[in-house]
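Structure file coords37.txt (compact mmCIF, C-alpha atoms (C1' of nucleotides)) is printed below.
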```
# COMPACT_ATOMS: atom_id res chain seq x y z
CA MET A 1 0.00 0.00 0.00
CA THR A 2 2.26 2.73 -1.25
CA ARG A 3 1.20 6.31 -0.58
CA LYS A 4 2.90 8.79 -2.82
CA LEU A 5 0.19 11.20 -3.95
CA PRO A 6 2.46 13.00 -6.37
CA SER A 7 0.37 15.15 -8.64
CA PRO A 8 -2.45 17.28 -7.24
CA TYR A 9 -5.16 17.04 -9.82
CA ARG A 10 -5.77 19.94 -12.13
CA PRO A 11 -8.64 19.53 -14.53
CA ARG A 12 -8.08 19.92 -18.23
CA VAL A 13 -11.26 21.88 -18.79
CA LEU A 14 -11.62 24.78 -16.43
CA ALA A 15 -13.85 27.15 -18.31
CA PRO A 16 -17.43 26.43 -19.23
CA ILE A 17 -18.41 26.92 -22.84
CA LEU A 18 -20.49 29.99 -22.39
CA ARG A 19 -22.97 31.51 -24.71
CA VAL A 20 -21.65 34.86 -25.91
CA PRO A 21 -24.65 37.13 -26.43
CA GLY A 22 -24.99 38.78 -29.81
CA LEU A 23 -22.72 36.27 -31.50
CA ASP A 24 -23.76 34.31 -34.57
CA TYR A 25 -23.23 30.57 -34.01
CA ASP A 26 -24.15 29.70 -37.59
CA VAL A 27 -24.43 25.94 -38.20
CA LEU A 28 -23.10 25.02 -34.78
CA ASP A 29 -26.57 25.26 -33.32
CA GLU A 30 -27.77 22.62 -35.75
CA LEU A 31 -25.04 20.09 -35.03
CA LEU A 32 -25.60 17.29 -32.57
CA GLY A 33 -21.84 17.08 -32.11
CA TYR A 34 -21.60 20.64 -30.84
CA ALA A 35 -24.59 20.29 -28.52
CA LEU A 36 -23.07 17.09 -27.15
CA ARG A 37 -19.79 18.80 -26.53
CA ARG A 38 -21.37 21.67 -24.63
CA ALA A 39 -23.52 19.40 -22.53
CA GLN A 40 -20.56 17.20 -21.77
CA VAL A 41 -18.35 20.07 -20.66
CA GLY A 42 -21.11 21.17 -18.31
CA MET A 43 -21.33 17.67 -16.91
CA PHE A 44 -17.58 17.51 -16.53
CA LEU A 45 -17.54 20.69 -14.49
CA ALA A 46 -20.28 19.30 -12.27
CA PHE A 47 -18.29 16.09 -11.87
CA HIS A 48 -15.21 18.05 -10.96
CA ALA A 49 -17.07 20.11 -8.39
CA ALA A 50 -18.66 17.03 -6.84
CA THR A 51 -15.35 15.20 -6.42
CA ARG A 52 -13.24 18.16 -5.36
CA GLY A 53 -10.31 17.07 -3.30
CA MET A 54 -10.54 13.43 -4.32
CA ASP A 55 -8.00 13.86 -7.12
CA ILE A 56 -10.27 12.04 -9.50
CA THR A 57 -11.15 12.32 -13.19
CA PRO A 58 -13.89 10.71 -15.26
CA PRO A 59 -11.57 8.01 -16.66
CA ARG A 60 -10.24 7.24 -13.19
CA PHE A 61 -13.74 7.06 -11.81
CA THR A 62 -14.86 4.79 -14.62
CA ALA A 63 -11.87 2.52 -14.07
CA LEU A 64 -12.55 2.24 -10.35
CA VAL A 65 -16.22 1.46 -10.86
CA ILE A 66 -15.43 -1.15 -13.49
CA VAL A 67 -12.81 -2.81 -11.30
CA GLY A 68 -15.23 -2.81 -8.39
CA ALA A 69 -17.97 -4.44 -10.41
CA ASN A 70 -15.62 -6.85 -12.20
CA PRO A 71 -12.94 -8.01 -9.76
CA GLY A 72 -9.94 -9.60 -11.37
CA ILE A 73 -10.35 -7.77 -14.67
CA GLY A 74 -7.20 -7.53 -16.77
CA GLN A 75 -5.60 -4.27 -17.81
CA SER A 76 -6.12 -4.86 -21.51
CA VAL A 77 -9.86 -5.23 -21.08
CA LEU A 78 -9.87 -2.22 -18.83
CA GLY A 79 -8.23 -0.21 -21.57
CA LYS A 80 -10.80 -1.42 -24.05
CA VAL A 81 -13.65 -0.31 -21.81
CA LEU A 82 -12.10 3.13 -21.45
CA GLY A 83 -11.15 3.41 -25.10
CA ILE A 84 -7.44 3.87 -24.38
CA ALA A 85 -4.31 1.90 -25.25
CA ARG A 86 -2.90 -0.82 -23.01
CA SER A 87 -0.03 1.40 -21.92
CA GLY A 88 -2.48 3.98 -20.68
CA ALA A 89 -4.50 1.40 -18.81
CA MET A 90 -1.32 0.37 -17.09
CA LEU A 91 -0.49 3.91 -15.99
CA LEU A 92 -4.03 4.24 -14.73
CA THR A 93 -3.70 1.01 -12.78
CA ASN A 94 -0.40 2.21 -11.36
CA TRP A 95 -2.12 5.35 -10.20
CA MET A 96 -4.86 3.38 -8.45
CA GLU A 97 -2.34 1.04 -6.89
CA GLU A 98 -0.14 3.88 -5.61
CA ARG A 99 -3.09 5.21 -3.64
CA GLY A 100 -3.85 1.80 -2.24
CA LEU A 101 -7.19 1.60 -4.01
CA VAL A 102 -6.49 -1.55 -6.00
CA GLU A 103 -4.01 -4.39 -6.02
CA ARG A 104 -2.74 -6.66 -8.75
CA ARG A 105 -3.02 -10.37 -8.19
CA ARG A 106 -1.48 -13.07 -10.31
CA ARG A 107 -3.91 -15.27 -12.15
CA PRO A 108 -3.33 -18.99 -11.73
CA GLN A 109 -4.76 -19.86 -15.12
CA ASP A 110 -2.93 -17.19 -17.12
CA ALA A 111 0.54 -16.09 -16.13
CA ARG A 112 0.52 -13.22 -18.58
CA ALA A 113 -2.33 -11.20 -17.21
CA TRP A 114 -2.71 -9.65 -13.81
CA GLY A 115 -6.07 -9.45 -12.15
CA VAL A 116 -6.98 -6.06 -10.72
CA HIS A 117 -8.97 -6.01 -7.47
CA LEU A 118 -10.24 -3.28 -5.16
CA THR A 119 -8.63 -3.20 -1.74
CA PRO A 120 -10.85 -2.77 1.33
CA ARG A 121 -9.84 0.86 1.34
CA GLY A 122 -10.64 1.05 -2.35
CA GLU A 123 -14.10 -0.33 -1.70
CA ARG A 124 -14.82 2.42 0.79
CA VAL A 125 -13.40 5.21 -1.35
CA VAL A 126 -15.26 4.06 -4.46
CA ALA A 127 -18.52 3.77 -2.58
CA ALA A 128 -18.14 7.35 -1.38
CA MET A 129 -17.25 8.54 -4.87
CA LYS A 130 -20.25 6.82 -6.37
CA ARG A 131 -22.58 8.48 -3.91
CA ARG A 132 -21.19 11.91 -4.68
CA VAL A 133 -21.15 11.45 -8.44
CA ILE A 134 -24.64 9.99 -8.60
CA ALA A 135 -26.02 12.80 -6.47
CA GLU A 136 -24.37 15.43 -8.62
CA ASP A 137 -25.48 13.76 -11.85
CA ARG A 138 -29.04 13.77 -10.57
CA ARG A 139 -28.81 17.33 -9.36
CA ARG A 140 -27.37 18.49 -12.63
CA ALA A 141 -30.16 16.72 -14.50
CA GLY A 142 -32.63 18.56 -12.29
CA VAL A 143 -33.62 20.88 -15.10
CA LEU A 144 -35.20 17.88 -16.78
CA ASP A 145 -38.22 16.05 -15.47
CA ALA A 146 -38.09 12.30 -14.98
CA ARG A 147 -39.49 11.51 -18.39
CA GLU A 148 -37.08 13.84 -20.16
CA ARG A 149 -34.14 12.42 -18.29
CA ARG A 150 -35.05 8.87 -19.26
CA GLU A 151 -35.63 9.92 -22.83
CA LEU A 152 -32.25 11.67 -23.02
CA LEU A 153 -30.51 8.60 -21.67
CA ARG A 154 -32.29 6.42 -24.19
CA LEU A 155 -31.44 8.67 -27.14
CA LEU A 156 -27.80 8.97 -26.11
CA ASN A 157 -27.42 5.22 -25.86
CA LYS A 158 -29.12 4.78 -29.18
CA LEU A 159 -26.75 7.29 -30.72
CA ALA A 160 -23.68 5.65 -29.22
CA ARG A 161 -24.83 2.31 -30.61
CA MET B 1 -0.37 33.62 -46.92
CA THR B 2 2.24 31.50 -45.22
CA ARG B 3 2.12 27.78 -45.89
CA LYS B 4 3.98 25.71 -43.34
CA LEU B 5 1.70 22.78 -42.55
CA PRO B 6 3.89 21.56 -39.71
CA SER B 7 1.99 19.00 -37.69
CA PRO B 8 0.03 16.26 -39.46
CA TYR B 9 -3.02 15.90 -37.33
CA ARG B 10 -3.35 12.93 -35.06
CA PRO B 11 -6.55 12.73 -33.10
CA ARG B 12 -6.47 12.35 -29.35
CA VAL B 13 -9.17 9.75 -29.28
CA LEU B 14 -8.59 6.90 -31.67
CA ALA B 15 -10.51 4.08 -30.11
CA PRO B 16 -14.26 4.02 -29.73
CA ILE B 17 -15.62 3.28 -26.28
CA LEU B 18 -16.91 -0.14 -27.00
CA ARG B 19 -19.33 -2.18 -25.05
CA VAL B 20 -17.51 -5.22 -23.65
CA PRO B 21 -20.02 -8.06 -23.54
CA GLY B 22 -20.46 -9.83 -20.23
CA LEU B 23 -19.03 -6.93 -18.27
CA ASP B 24 -20.87 -5.28 -15.39
CA TYR B 25 -21.07 -1.51 -15.92
CA ASP B 26 -22.65 -0.92 -12.52
CA VAL B 27 -23.82 2.67 -12.00
CA LEU B 28 -22.24 3.92 -15.21
CA ASP B 29 -25.33 2.97 -17.15
CA GLU B 30 -27.39 5.26 -14.94
CA LEU B 31 -25.20 8.32 -15.29
CA LEU B 32 -25.98 10.98 -17.85
CA GLY B 33 -22.33 11.98 -17.79
CA TYR B 34 -21.16 8.58 -18.95
CA ALA B 35 -23.79 8.33 -21.67
CA LEU B 36 -22.82 11.79 -22.85
CA ARG B 37 -19.19 10.83 -22.97
CA ARG B 38 -19.83 7.72 -25.04
CA ALA B 39 -22.09 9.51 -27.47
CA GLN B 40 -19.59 12.31 -27.81
CA VAL B 41 -16.68 9.99 -28.55
CA GLY B 42 -18.77 8.36 -31.25
CA MET B 43 -19.53 11.74 -32.73
CA PHE B 44 -15.89 12.72 -32.57
CA LEU B 45 -14.89 9.65 -34.54
CA ALA B 46 -17.52 10.45 -37.15
CA PHE B 47 -16.22 14.00 -37.32
CA HIS B 48 -12.69 12.78 -37.73
CA ALA B 49 -13.66 10.38 -40.51
CA ALA B 50 -15.65 13.06 -42.31
CA THR B 51 -12.79 15.55 -42.29
CA ARG B 52 -9.96 13.13 -42.97
CA GLY B 53 -7.05 14.85 -44.62
CA MET B 54 -8.20 18.35 -43.71
CA ASP B 55 -6.06 18.44 -40.57
CA ILE B 56 -9.00 19.70 -38.58
CA THR B 57 -10.30 19.19 -35.05
CA PRO B 58 -13.58 20.16 -33.41
CA PRO B 59 -12.13 23.27 -31.75
CA ARG B 60 -10.51 24.35 -35.02
CA PHE B 61 -13.74 23.80 -36.88
CA THR B 62 -15.69 25.75 -34.30
CA ALA B 63 -13.21 28.60 -34.48
CA LEU B 64 -13.40 28.78 -38.26
CA VAL B 65 -17.19 28.75 -38.29
CA ILE B 66 -17.34 31.45 -35.62
CA VAL B 67 -14.84 33.66 -37.45
CA GLY B 68 -16.77 33.16 -40.67
CA ALA B 69 -20.05 34.17 -39.09
CA ASN B 70 -18.54 36.99 -37.04
CA PRO B 71 -15.86 38.73 -39.10
CA GLY B 72 -13.49 40.88 -37.12
CA ILE B 73 -13.97 38.99 -33.88
CA GLY B 74 -11.18 39.39 -31.36
CA GLN B 75 -9.10 36.54 -30.02
CA SER B 76 -10.25 36.97 -26.46
CA VAL B 77 -13.88 36.56 -27.41
CA LEU B 78 -12.93 33.61 -29.58
CA GLY B 79 -11.32 31.96 -26.60
CA LYS B 80 -14.42 32.61 -24.53
CA VAL B 81 -16.61 30.92 -27.11
CA LEU B 82 -14.34 27.90 -27.17
CA GLY B 83 -13.89 27.77 -23.43
CA ILE B 84 -10.10 28.14 -23.60
CA ALA B 85 -7.62 30.72 -22.37
CA ARG B 86 -6.50 33.67 -24.46
CA SER B 87 -3.12 32.09 -25.07
CA GLY B 88 -4.80 29.06 -26.58
CA ALA B 89 -7.00 31.20 -28.79
CA MET B 90 -3.89 32.89 -30.05
CA LEU B 91 -2.21 29.59 -30.95
CA LEU B 92 -5.40 28.56 -32.69
CA THR B 93 -5.45 31.81 -34.64
CA ASN B 94 -1.80 31.33 -35.54
CA TRP B 95 -2.65 27.91 -36.88
CA MET B 96 -5.44 29.30 -39.04
CA GLU B 97 -3.28 32.13 -40.28
CA GLU B 98 -0.38 29.83 -41.16
CA ARG B 99 -2.68 27.96 -43.53
CA GLY B 100 -3.93 31.14 -45.09
CA LEU B 101 -7.45 30.61 -43.79
CA VAL B 102 -7.71 33.80 -41.78
CA GLU B 103 -5.91 37.11 -41.48
CA ARG B 104 -5.54 39.56 -38.64
CA ARG B 105 -6.50 43.13 -39.33
CA ARG B 106 -5.87 46.09 -37.07
CA ARG B 107 -8.92 47.72 -35.63
CA PRO B 108 -9.05 51.49 -36.03
CA GLN B 109 -11.08 52.02 -32.89
CA ASP B 110 -9.02 49.74 -30.63
CA ALA B 111 -5.30 49.37 -31.17
CA ARG B 112 -5.03 46.55 -28.66
CA ALA B 113 -7.24 44.01 -30.34
CA TRP B 114 -6.82 42.42 -33.73
CA GLY B 115 -9.83 41.55 -35.82
CA VAL B 116 -9.80 38.05 -37.28
CA HIS B 117 -11.26 37.62 -40.76
CA LEU B 118 -11.59 34.71 -43.17
CA THR B 119 -9.53 35.02 -46.35
CA PRO B 120 -11.17 34.17 -49.68
CA ARG B 121 -9.42 30.82 -49.48
CA GLY B 122 -10.68 30.43 -45.93
CA GLU B 123 -14.24 31.05 -47.10
CA ARG B 124 -13.99 28.24 -49.60
CA VAL B 125 -12.33 25.80 -47.22
CA VAL B 126 -14.80 26.49 -44.43
CA ALA B 127 -17.75 26.08 -46.76
CA ALA B 128 -16.45 22.68 -47.82
CA MET B 129 -15.84 21.68 -44.21
CA LYS B 130 -19.31 22.71 -43.19
CA ARG B 131 -20.87 20.62 -45.92
CA ARG B 132 -18.91 17.56 -44.89
CA VAL B 133 -19.48 17.97 -41.17
CA ILE B 134 -23.19 18.64 -41.54
CA ALA B 135 -23.63 15.64 -43.79
CA GLU B 136 -21.77 13.38 -41.39
CA ASP B 137 -23.66 14.74 -38.39
CA ARG B 138 -26.93 13.99 -40.15
CA ARG B 139 -25.76 10.58 -41.26
CA ARG B 140 -24.59 9.71 -37.79
CA ALA B 141 -27.94 10.81 -36.39
CA GLY B 142 -29.61 8.52 -38.88
CA VAL B 143 -30.48 5.99 -36.20
CA LEU B 144 -32.87 8.56 -34.81
CA ASP B 145 -35.99 9.73 -36.58
CA ALA B 146 -36.61 13.43 -37.11
CA ARG B 147 -38.63 13.86 -33.94
CA GLU B 148 -36.05 12.06 -31.81
CA ARG B 149 -33.23 14.12 -33.27
CA ARG B 150 -35.02 17.37 -32.51
CA GLU B 151 -35.86 16.17 -29.02
CA LEU B 152 -32.26 15.18 -28.35
CA LEU B 153 -31.03 18.57 -29.49
CA ARG B 154 -33.58 20.27 -27.27
CA LEU B 155 -32.70 18.22 -24.20
CA LEU B 156 -28.96 18.73 -24.69
CA ASN B 157 -29.36 22.47 -24.95
CA LYS B 158 -31.57 22.48 -21.91
CA LEU B 159 -28.96 20.51 -19.99
CA ALA B 160 -26.14 22.79 -21.08
CA ARG B 161 -28.18 25.78 -19.89
C1' DG C 1 7.37 -28.15 -30.89
C1' DG C 2 6.84 -24.12 -33.21
C1' DC C 3 4.45 -19.90 -34.34
C1' DG C 4 1.16 -16.35 -34.25
C1' DA C 5 -1.59 -13.83 -30.92
C1' DC C 6 -1.88 -11.75 -26.62
C1' DT C 7 -0.31 -9.62 -21.87
C1' DG C 8 1.95 -6.26 -19.34
C1' DT C 9 5.79 -3.20 -19.44
C1' DT C 10 8.97 0.65 -20.70
C1' DA C 11 10.58 4.61 -23.22
C1' DT C 12 9.61 8.29 -26.12
C1' DA C 13 7.00 11.76 -28.26
C1' DG C 14 3.44 15.01 -29.16
C1' DA C 15 -1.04 17.57 -28.79
C1' DG C 16 -3.48 20.62 -26.14
C1' DC C 17 -4.12 23.39 -22.59
C1' DA C 18 -3.21 26.39 -18.34
C1' DT C 19 -0.44 29.64 -15.87
C1' DT C 20 2.35 33.43 -15.45
C1' DA C 21 4.45 37.52 -16.73
C1' DC C 22 4.83 41.41 -19.87
C1' DA C 23 4.02 45.56 -22.92
C1' DA C 24 0.75 48.29 -25.19
C1' DT C 25 -3.56 50.38 -25.05
C1' DC C 26 -8.14 51.78 -23.49
C1' DG C 27 -11.43 54.13 -20.50
C1' DG C 28 -13.01 56.37 -16.75
C1' DC C 29 -12.23 59.53 -12.89
C1' DC C 30 -10.60 63.28 -10.21
C1' DG D 1 -4.79 66.37 -18.80
C1' DG D 2 -2.71 62.76 -16.24
C1' DC D 3 -3.12 58.66 -13.49
C1' DC D 4 -4.68 53.74 -12.68
C1' DG D 5 -7.17 49.68 -13.11
C1' DA D 6 -8.87 46.71 -16.75
C1' DT D 7 -8.21 44.55 -21.16
C1' DT D 8 -5.69 42.80 -25.37
C1' DG D 9 -2.42 40.11 -27.60
C1' DT D 10 1.88 37.82 -26.91
C1' DA D 11 5.69 34.73 -25.23
C1' DA D 12 7.75 31.23 -22.25
C1' DT D 13 7.15 27.30 -19.55
C1' DG D 14 5.20 23.26 -17.74
C1' DC D 15 1.96 19.53 -17.10
C1' DT D 16 -1.44 15.90 -18.23
C1' DC D 17 -3.05 12.57 -21.07
C1' DT D 18 -2.49 9.57 -24.64
C1' DA D 19 -0.42 7.19 -28.60
C1' DT D 20 3.28 4.52 -30.71
C1' DA D 21 6.78 1.31 -30.89
C1' DA D 22 9.61 -2.16 -29.14
C1' DC D 23 10.30 -5.92 -25.89
C1' DA D 24 9.90 -10.35 -23.04
C1' DG D 25 7.04 -13.69 -21.26
C1' DT D 26 3.13 -16.65 -21.96
C1' DC D 27 -0.78 -18.97 -24.18
C1' DG D 28 -3.11 -21.82 -27.51
C1' DC D 29 -3.51 -24.19 -31.46
C1' DC D 30 -2.17 -26.83 -35.61
```

Using structure tokens, write down the structure from this file.
Amino acid sequence: MTRKLPSPYRPRVLAPILRVPGLDYDVLDELLGYALRRAQVGMFLAFHAATRGMDITPPRFTALVIVGANPGIGQSVLGKVLGIARSGAMLLTNWMEERGLVERRRRPQDARAWGVHLTPRGERVVAAMKRRVIAEDRRRAGVLDARERRELLRLLNKLAR
Amino acid sequence: MTRKLPSPYRPRVLAPILRVPGLDYDVLDELLGYALRRAQVGMFLAFHAATRGMDITPPRFTALVIVGANPGIGQSVLGKVLGIARSGAMLLTNWMEERGLVERRRRPQDARAWGVHLTPRGERVVAAMKRRVIAEDRRRAGVLDARERRELLRLLNKLAR
DNA sequence: GGCGACTGTTATAGAGCATTACAATCGGCC
DNA sequence: GGCCGATTGTAATGCTCTATAACAGTCGCC
């Protein structure tokens, strides 16, 4: 259980994409891609605010949740889930291990792959993170009623295939 | 009209976020933020495919469209629209100028700020880009019917405030 | 038993962005 | 009319995230 905590997290996106009044947005207002981007930046900022001080990012959060729900997952699969290369998945796993959130265990049936597992501490930290993130996601979606929220989720999943 | 073309564009996100069968996604499937992220990565890949060879990225495209629709815009405002710092807006403007797509013109009424304008070549290039991006955005949204597409756009804008 | 596919690892490189500091200029105020 | 805070573009620097490529060990299959 190493405890280095080297790099205090600084988010990549600090500024919201704000609507400049009197400006002509031309075709941008007709593009799903642009609307998605703006909505996602807003969500990212909410995520960042909700997890302040936890040194966490969306990919890190996703990785922790996936490891928690799929103990013993390999790093290659983890990378595939996140849409990043194996080398990146490894750095991510290193990061989680350095904070004592996960540990690598050898697999008896496959000596190539490690299995990644949450530690007891990891379990607690991830549970707390999930609570905060879920609450913020719900709060942020508060401008939508329940039906709209469900519909948005459905359409997004349909779009992502 | 400088023509350097230094950095052949390589996108940040190459891999789609694919659904790994048999994996437990836990709370991720309930989070708007995660659904947004997946949909946006899919859209980014479509964007990238549609503009292959044009050395363009979403921020660059946005900047060009905004400059085209708002001739003489200053770099600070441009940065605000994109949600990046002034220094980044300047690098972006440099990039556009190096390719002969825009030019900076002095403003008579304010000697601090430059006004950014599309060149004739820029007009043509941006028009072609817009056609491609719009077509791909529509194609990508083809899994939705017209009502769903409109509804998605509405909900995203509502969410982004 | 050999060979292609796969795993984790390491090193290197680059894109994109923020931060900070700076000079020039504007605008308002007394 | 002159000062002072705010704003604009610029330049230098650094950091984070990610890809790419190369490597060794291991698996599985013919």

(message) For a quick test of understanding: name the residues of chain C lying within 8 Å of chain A when counting all atoms listed in the file, and present them as a PyMOL selection string.
(response) chain C and resi 7-9+17

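Atom CA of Ala39 of chain A to atom CA of Leu159 of chain B spans 6.1 Å [interatomic distance, one decimal].
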
(message) Would you pick out the contacts of DT20 of chain D at 10 Å or less, using all atoms listed in the file, so that residues sharing its chain but fewer than 4 positions from it are not included, and give the list as a ChimeraX atom specification?
(response) /A:85,87 /C:12-13

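Counting only C-alpha atoms (C1' of nucleotides), the residue from B:Val20, B:Ala15, B:Leu144, B:Leu155 that sits nearest to chain D is B:Ala15.
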
Once you count all atoms listed in the file, which residues of chain A turn out to be within 7 Å of chain B? Could you give them as a short mmCIF file (atom, residue, chain, number, x, y, z; two decimals) with C-alpha atoms, in the coordinates of the input?
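The resulting file, selection_25.cif, is shown below:
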```cif
data_model
loop_
_atom_site.label_atom_id
_atom_site.label_comp_id
_atom_site.auth_asym_id
_atom_site.auth_seq_id
_atom_site.Cartn_x
_atom_site.Cartn_y
_atom_site.Cartn_z
CA ALA A 15 -13.85 27.15 -18.31
CA PRO A 16 -17.43 26.43 -19.23
CA ILE A 17 -18.41 26.92 -22.84
CA LEU A 18 -20.49 29.99 -22.39
CA ARG A 19 -22.97 31.51 -24.71
CA VAL A 20 -21.65 34.86 -25.91
CA LEU A 23 -22.72 36.27 -31.50
CA ASP A 24 -23.76 34.31 -34.57
CA TYR A 25 -23.23 30.57 -34.01
CA ASP A 26 -24.15 29.70 -37.59
CA LEU A 31 -25.04 20.09 -35.03
CA LEU A 32 -25.60 17.29 -32.57
CA GLY A 33 -21.84 17.08 -32.11
CA ALA A 35 -24.59 20.29 -28.52
CA LEU A 36 -23.07 17.09 -27.15
CA ARG A 37 -19.79 18.80 -26.53
CA ARG A 38 -21.37 21.67 -24.63
CA ALA A 39 -23.52 19.40 -22.53
CA GLN A 40 -20.56 17.20 -21.77
CA GLY A 42 -21.11 21.17 -18.31
CA MET A 43 -21.33 17.67 -16.91
CA ILE A 66 -15.43 -1.15 -13.49
CA ALA A 69 -17.97 -4.44 -10.41
CA ASN A 70 -15.62 -6.85 -12.20
CA LYS A 80 -10.80 -1.42 -24.05
CA VAL A 81 -13.65 -0.31 -21.81
CA LEU A 82 -12.10 3.13 -21.45
CA GLY A 83 -11.15 3.41 -25.10
CA ILE A 84 -7.44 3.87 -24.38
CA ILE A 134 -24.64 9.99 -8.60
CA ASP A 137 -25.48 13.76 -11.85
CA ALA A 141 -30.16 16.72 -14.50
CA VAL A 143 -33.62 20.88 -15.10
CA LEU A 152 -32.25 11.67 -23.02
CA LEU A 153 -30.51 8.60 -21.67
CA LEU A 155 -31.44 8.67 -27.14
CA LEU A 156 -27.80 8.97 -26.11
CA ASN A 157 -27.42 5.22 -25.86
CA LEU A 159 -26.75 7.29 -30.72
CA ALA A 160 -23.68 5.65 -29.22
#
```

Specify as a JSON list (two decimals) with C-alpha atoms (C1' of nucleotides), in the coordinates of the input all residues of chain D found within 12 Å of chain A, counting all atoms listed in the file.
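What ended up in out-v5.json:
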```
[["chain", "number", "residue", "atom", "x", "y", "z"],
["D", 15, "DC", "C1'", 1.96, 19.53, -17.10],
["D", 16, "DT", "C1'", -1.44, 15.90, -18.23],
["D", 17, "DC", "C1'", -3.05, 12.57, -21.07],
["D", 18, "DT", "C1'", -2.49, 9.57, -24.64],
["D", 19, "DA", "C1'", -0.42, 7.19, -28.60],
["D", 20, "DT", "C1'", 3.28, 4.52, -30.71],
["D", 21, "DA", "C1'", 6.78, 1.31, -30.89],
["D", 24, "DA", "C1'", 9.90, -10.35, -23.04],
["D", 25, "DG", "C1'", 7.04, -13.69, -21.26],
["D", 26, "DT", "C1'", 3.13, -16.65, -21.96],
["D", 27, "DC", "C1'", -0.78, -18.97, -24.18],
["D", 28, "DG", "C1'", -3.11, -21.82, -27.51]]
```

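What separates atom CA of His117 of chain A from atom CA of Pro71 of chain A is a distance of 5.0 Å.
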
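Here the residues that fall within 12 Å of (9.1, 40.0, -17.4), using only C-alpha atoms (C1' of nucleotides), are given as DT20, DA21, DC22 and DA23 of chain C; DA11 and DA12 of chain D.
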
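Computed from the coordinates, the atom CA of Asp145 of chain B to atom CA of Val126 of chain B distance equals 28.1 Å.
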
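For the residues C:DA24, C:DC30, C:DC3, C:DA11, ranking by smallest atom-to-atom distance to DC30 of chain D using only C-alpha atoms (C1' of nucleotides) places C:DC3 first.
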
Please provide as a PDB file with C-alpha atoms (C1' of nucleotides), keeping the file's coordinate frame all residues within 12 Å of DG27 of chain C, with the sequence filter that same-chain residues fewer than 6 positions apart are discarded (counting all atoms listed in the file).
```
ATOM      1  CA  ASP B 110      -9.020  49.740 -30.630  1.00  0.00           C
TER       2      ASP B 110
ATOM      3  C1'  DC D   3      -3.120  58.660 -13.490  1.00  0.00           C
ATOM      4  C1'  DC D   4      -4.680  53.740 -12.680  1.00  0.00           C
ATOM      5  C1'  DG D   5      -7.170  49.680 -13.110  1.00  0.00           C
ATOM      6  C1'  DA D   6      -8.870  46.710 -16.750  1.00  0.00           C
ATOM      7  C1'  DT D   7      -8.210  44.550 -21.160  1.00  0.00           C
TER       8       DT D   7
END
```

Put a box with edges along x, y and z around all the listed atoms of segment 11-26 of chain C, pad it by 6 Å on each side, then give me its centre and sizes in Å, one decimal, as AutoDock Vina command-line options.
```
--center_x 1.2 --center_y 28.2 --center_z -22.3 --size_x 30.7 --size_y 59.2 --size_z 25.7
```
